[in-house]
Every structure is written in C-alpha cells, then in structure tokens.
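Undergrad: Sharing target_21.cif here; it has mmCIF, N, CA and C atoms.
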data_query
#
loop_
_atom_site.label_atom_id
_atom_site.label_comp_id
_atom_site.auth_asym_id
_atom_site.auth_seq_id
_atom_site.Cartn_x
_atom_site.Cartn_y
_atom_site.Cartn_z
N MET A 1 0.85 -1.17 0.00
CA MET A 1 0.00 0.00 0.00
C MET A 1 0.89 1.24 0.00
N LYS A 2 0.59 2.15 -0.89
CA LYS A 2 1.34 3.39 -0.98
C LYS A 2 0.64 4.48 -0.17
N ILE A 3 1.37 5.10 0.73
CA ILE A 3 0.82 6.17 1.56
C ILE A 3 1.20 7.50 0.91
N THR A 4 0.21 8.33 0.65
CA THR A 4 0.46 9.63 0.04
C THR A 4 0.16 10.74 1.04
N ALA A 5 0.55 11.95 0.69
CA ALA A 5 0.27 13.10 1.55
C ALA A 5 -1.23 13.29 1.71
N GLU A 6 -2.01 12.95 0.69
CA GLU A 6 -3.46 13.08 0.78
C GLU A 6 -4.05 12.15 1.83
N ASP A 7 -3.44 11.00 2.04
CA ASP A 7 -3.92 10.06 3.05
C ASP A 7 -3.72 10.60 4.46
N ARG A 8 -2.76 11.50 4.62
CA ARG A 8 -2.45 12.05 5.93
C ARG A 8 -3.05 13.43 6.16
N THR A 9 -3.79 13.95 5.19
CA THR A 9 -4.39 15.28 5.30
C THR A 9 -5.89 15.17 5.43
N VAL A 10 -6.44 15.84 6.44
CA VAL A 10 -7.89 15.88 6.65
C VAL A 10 -8.33 17.32 6.39
N MET A 11 -9.20 17.48 5.40
CA MET A 11 -9.71 18.80 5.04
C MET A 11 -11.06 19.01 5.72
N VAL A 12 -11.23 20.17 6.35
CA VAL A 12 -12.50 20.56 6.95
C VAL A 12 -12.93 21.83 6.23
N TYR A 13 -14.02 21.73 5.46
CA TYR A 13 -14.48 22.84 4.64
C TYR A 13 -15.59 23.61 5.34
N TRP A 14 -15.58 24.93 5.15
CA TRP A 14 -16.65 25.79 5.62
C TRP A 14 -17.84 25.58 4.70
N GLN A 15 -19.00 25.29 5.26
CA GLN A 15 -20.20 25.05 4.46
C GLN A 15 -21.31 25.97 4.93
N ASP A 16 -22.29 26.21 4.07
CA ASP A 16 -23.45 27.03 4.44
C ASP A 16 -24.07 26.48 5.71
N GLY A 17 -24.37 27.35 6.63
CA GLY A 17 -24.98 26.94 7.89
C GLY A 17 -23.98 26.68 8.99
N ASP A 18 -22.69 26.57 8.66
CA ASP A 18 -21.67 26.39 9.68
C ASP A 18 -21.49 27.69 10.46
N ASN A 19 -21.02 27.55 11.66
CA ASN A 19 -20.68 28.73 12.45
C ASN A 19 -19.30 28.51 13.05
N ILE A 20 -18.82 29.48 13.76
CA ILE A 20 -17.46 29.41 14.31
C ILE A 20 -17.31 28.22 15.24
N GLN A 21 -18.38 27.82 15.93
CA GLN A 21 -18.31 26.67 16.83
C GLN A 21 -18.01 25.37 16.08
N SER A 22 -18.43 25.27 14.82
CA SER A 22 -18.14 24.06 14.03
C SER A 22 -16.63 23.88 13.88
N TRP A 23 -15.94 24.95 13.52
CA TRP A 23 -14.49 24.86 13.37
C TRP A 23 -13.82 24.73 14.72
N ASP A 24 -14.35 25.40 15.73
CA ASP A 24 -13.80 25.26 17.08
C ASP A 24 -13.82 23.80 17.52
N GLN A 25 -14.92 23.11 17.27
CA GLN A 25 -15.03 21.71 17.68
C GLN A 25 -13.99 20.83 17.00
N ALA A 26 -13.72 21.07 15.72
CA ALA A 26 -12.68 20.31 15.02
C ALA A 26 -11.32 20.57 15.65
N CYS A 27 -11.04 21.82 15.97
CA CYS A 27 -9.75 22.16 16.60
C CYS A 27 -9.64 21.55 17.99
N ILE A 28 -10.71 21.61 18.75
CA ILE A 28 -10.71 21.03 20.09
C ILE A 28 -10.47 19.53 20.02
N GLN A 29 -11.12 18.85 19.08
CA GLN A 29 -10.93 17.40 18.93
C GLN A 29 -9.47 17.09 18.61
N ALA A 30 -8.88 17.85 17.70
CA ALA A 30 -7.48 17.61 17.33
C ALA A 30 -6.56 17.78 18.54
N ILE A 31 -6.77 18.84 19.30
CA ILE A 31 -5.91 19.10 20.46
C ILE A 31 -6.11 18.06 21.55
N GLU A 32 -7.36 17.67 21.80
CA GLU A 32 -7.61 16.65 22.82
C GLU A 32 -7.00 15.31 22.45
N LEU A 33 -7.04 14.96 21.18
CA LEU A 33 -6.52 13.66 20.75
C LEU A 33 -5.00 13.65 20.55
N PHE A 34 -4.44 14.75 20.03
CA PHE A 34 -3.05 14.71 19.57
C PHE A 34 -2.14 15.78 20.17
N GLY A 35 -2.68 16.66 21.01
CA GLY A 35 -1.88 17.73 21.56
C GLY A 35 -1.84 18.92 20.61
N LEU A 36 -1.03 19.89 20.96
CA LEU A 36 -0.93 21.10 20.14
C LEU A 36 -0.27 20.80 18.81
N PRO A 37 -0.59 21.58 17.77
CA PRO A 37 0.05 21.38 16.46
C PRO A 37 1.57 21.46 16.58
N GLY A 38 2.22 20.68 15.76
CA GLY A 38 3.68 20.69 15.71
C GLY A 38 4.30 19.32 15.83
N ASP A 39 3.82 18.51 16.78
CA ASP A 39 4.42 17.19 16.98
C ASP A 39 3.78 16.14 16.08
N LYS A 40 2.48 15.95 16.21
CA LYS A 40 1.81 14.91 15.44
C LYS A 40 1.09 15.45 14.20
N PHE A 41 0.82 16.75 14.17
CA PHE A 41 0.14 17.34 13.01
C PHE A 41 0.46 18.82 12.91
N THR A 42 0.22 19.36 11.72
CA THR A 42 0.29 20.80 11.49
C THR A 42 -1.02 21.22 10.84
N THR A 43 -1.24 22.52 10.76
CA THR A 43 -2.47 23.01 10.16
C THR A 43 -2.16 24.09 9.13
N GLU A 44 -3.06 24.20 8.17
CA GLU A 44 -3.10 25.30 7.22
C GLU A 44 -4.55 25.73 7.14
N LEU A 45 -4.80 27.00 6.95
CA LEU A 45 -6.19 27.44 6.88
C LEU A 45 -6.33 28.69 6.04
N ASN A 46 -7.55 28.88 5.56
CA ASN A 46 -7.98 30.13 4.94
C ASN A 46 -9.46 30.29 5.24
N GLN A 47 -10.13 31.21 4.60
CA GLN A 47 -11.53 31.46 4.93
C GLN A 47 -12.46 30.34 4.46
N ASN A 48 -12.00 29.41 3.64
CA ASN A 48 -12.86 28.35 3.11
C ASN A 48 -12.61 26.97 3.70
N TRP A 49 -11.45 26.72 4.27
CA TRP A 49 -11.12 25.39 4.77
C TRP A 49 -10.00 25.43 5.80
N MET A 50 -9.88 24.31 6.50
CA MET A 50 -8.73 24.04 7.37
C MET A 50 -8.17 22.68 6.96
N ALA A 51 -6.87 22.61 6.86
CA ALA A 51 -6.21 21.34 6.55
C ALA A 51 -5.41 20.90 7.77
N PHE A 52 -5.70 19.71 8.25
CA PHE A 52 -4.95 19.10 9.33
C PHE A 52 -4.03 18.07 8.69
N LYS A 53 -2.73 18.31 8.73
CA LYS A 53 -1.74 17.45 8.07
C LYS A 53 -1.02 16.63 9.14
N PHE A 54 -1.31 15.34 9.15
CA PHE A 54 -0.78 14.44 10.16
C PHE A 54 0.51 13.79 9.69
N ARG A 55 1.34 13.42 10.65
CA ARG A 55 2.60 12.76 10.33
C ARG A 55 2.39 11.29 9.93
N ASN A 56 1.33 10.67 10.48
CA ASN A 56 1.07 9.29 10.06
C ASN A 56 -0.40 9.09 9.71
N VAL A 57 -0.63 8.12 8.88
CA VAL A 57 -1.96 7.88 8.31
C VAL A 57 -2.94 7.39 9.37
N GLU A 58 -2.47 6.69 10.39
CA GLU A 58 -3.36 6.19 11.44
C GLU A 58 -3.98 7.34 12.24
N ASP A 59 -3.18 8.35 12.55
CA ASP A 59 -3.73 9.52 13.25
C ASP A 59 -4.74 10.27 12.39
N ALA A 60 -4.46 10.37 11.09
CA ALA A 60 -5.41 11.03 10.18
C ALA A 60 -6.73 10.28 10.15
N LEU A 61 -6.67 8.96 10.12
CA LEU A 61 -7.88 8.16 10.10
C LEU A 61 -8.66 8.34 11.41
N LEU A 62 -7.98 8.30 12.53
CA LEU A 62 -8.64 8.50 13.83
C LEU A 62 -9.32 9.87 13.87
N PHE A 63 -8.67 10.89 13.37
CA PHE A 63 -9.24 12.23 13.37
C PHE A 63 -10.47 12.31 12.46
N ARG A 64 -10.40 11.67 11.28
CA ARG A 64 -11.56 11.62 10.38
C ARG A 64 -12.77 11.00 11.09
N LEU A 65 -12.53 9.93 11.82
CA LEU A 65 -13.62 9.27 12.53
C LEU A 65 -14.13 10.11 13.69
N ALA A 66 -13.26 10.88 14.33
CA ALA A 66 -13.65 11.67 15.48
C ALA A 66 -14.50 12.88 15.10
N ILE A 67 -14.22 13.45 13.94
CA ILE A 67 -15.00 14.63 13.56
C ILE A 67 -16.10 14.21 12.63
#
Translate this structure into structure tokens?

TA:
Amino acid sequence: MKITAEDRTVMVYWQDGDNIQSWDQACIQAIELFGLPGDKFTTELNQNWMAFKFRNVEDALLFRLAI
C-alpha cells in the first residue's frame, strides 16, 4: 500500500450553515486527541477550509472518525 500526503491530510471545509463553533469543535478534537500542532500534526487554513496534516496515516484516520 502506498501512503500519500493526501492520506495524511484531513480537510474541513466551511459550508453554508456552519458557524465558528463548528471549526472550534474540530480544533478542540485535534488538540484533545493529539496535543498542540507541531508534533503529530500541522495546520493550514484560509476562509474556506482548514487542513490538518498528520505525520502518520493512522492519526489522520482517527481524526476523520472523530470529527
């Protein structure tokens, strides 16, 4: 099995009807499960999405299931 960067990246998109609490919950879940960004994951964001980039695919999968 080939692991790609896409397998380790979880995208959270802003959608109609979302509010700031929606994104807050995703951030809270990431911090509760993996700690602050830097060790197990990093983030990128803009006004349309947040990307959580994990160091390993297992953490990315766990985060996908959690949110």

Undergrad: Quick one: residues within 12 Å of range 18-25 of chain A, only C-alpha atoms counted, chain neighbours fewer than 2 positions away excluded, as a PyMOL selection string?

TA: chain A and resi 11-16+27-32+45-52+63+66-67

Undergrad: Work out how far apart atom N of Val57 in chain A and atom N of Lys40 in chain A are and give it in Å to one decimal.

TA: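 About the pair atom N of Val57 in chain A and atom N of Lys40 in chain A: they are 11.2 Å apart.
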
Undergrad: Quick one: pull the distance between atom N of Arg55 in chain A and CA of Phe34 in chain A, Å, one decimal.

TA: 10.0 Å

Undergrad: Write down as number ranges by chain the residues belonging to chain A that are assigned strand (DSSP E) by DSSP computed on the backbone.

TA: A: 9-13, 41-45, 49-54

Undergrad: Please put the answer as lines of an AutoDock Vina configuration file: centre and edge lengths, in Å with one decimal, of a box along x, y and z that encloses all listed atoms of range 51-59 of chain A plus 6 Å on each side.

TA:
center_x = -2.1
center_y = 14.4
center_z = 9.9
size_x = 21.5
size_y = 28.4
size_z = 18.7

Undergrad: Suppose you want the space between CA of Gly17 in chain A and CA of Leu33 in chain A; what is it in Å?

TA: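 If I compute the distance from CA of Gly17 in chain A to CA of Leu33 in chain A, I get 26.1 Å.
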
Undergrad: Among range 14-67 of chain A, which ones does DSSP place in helix (DSSP H, G or I), written as a PyMOL selection string?

TA: chain A and resi 20-34+57-66
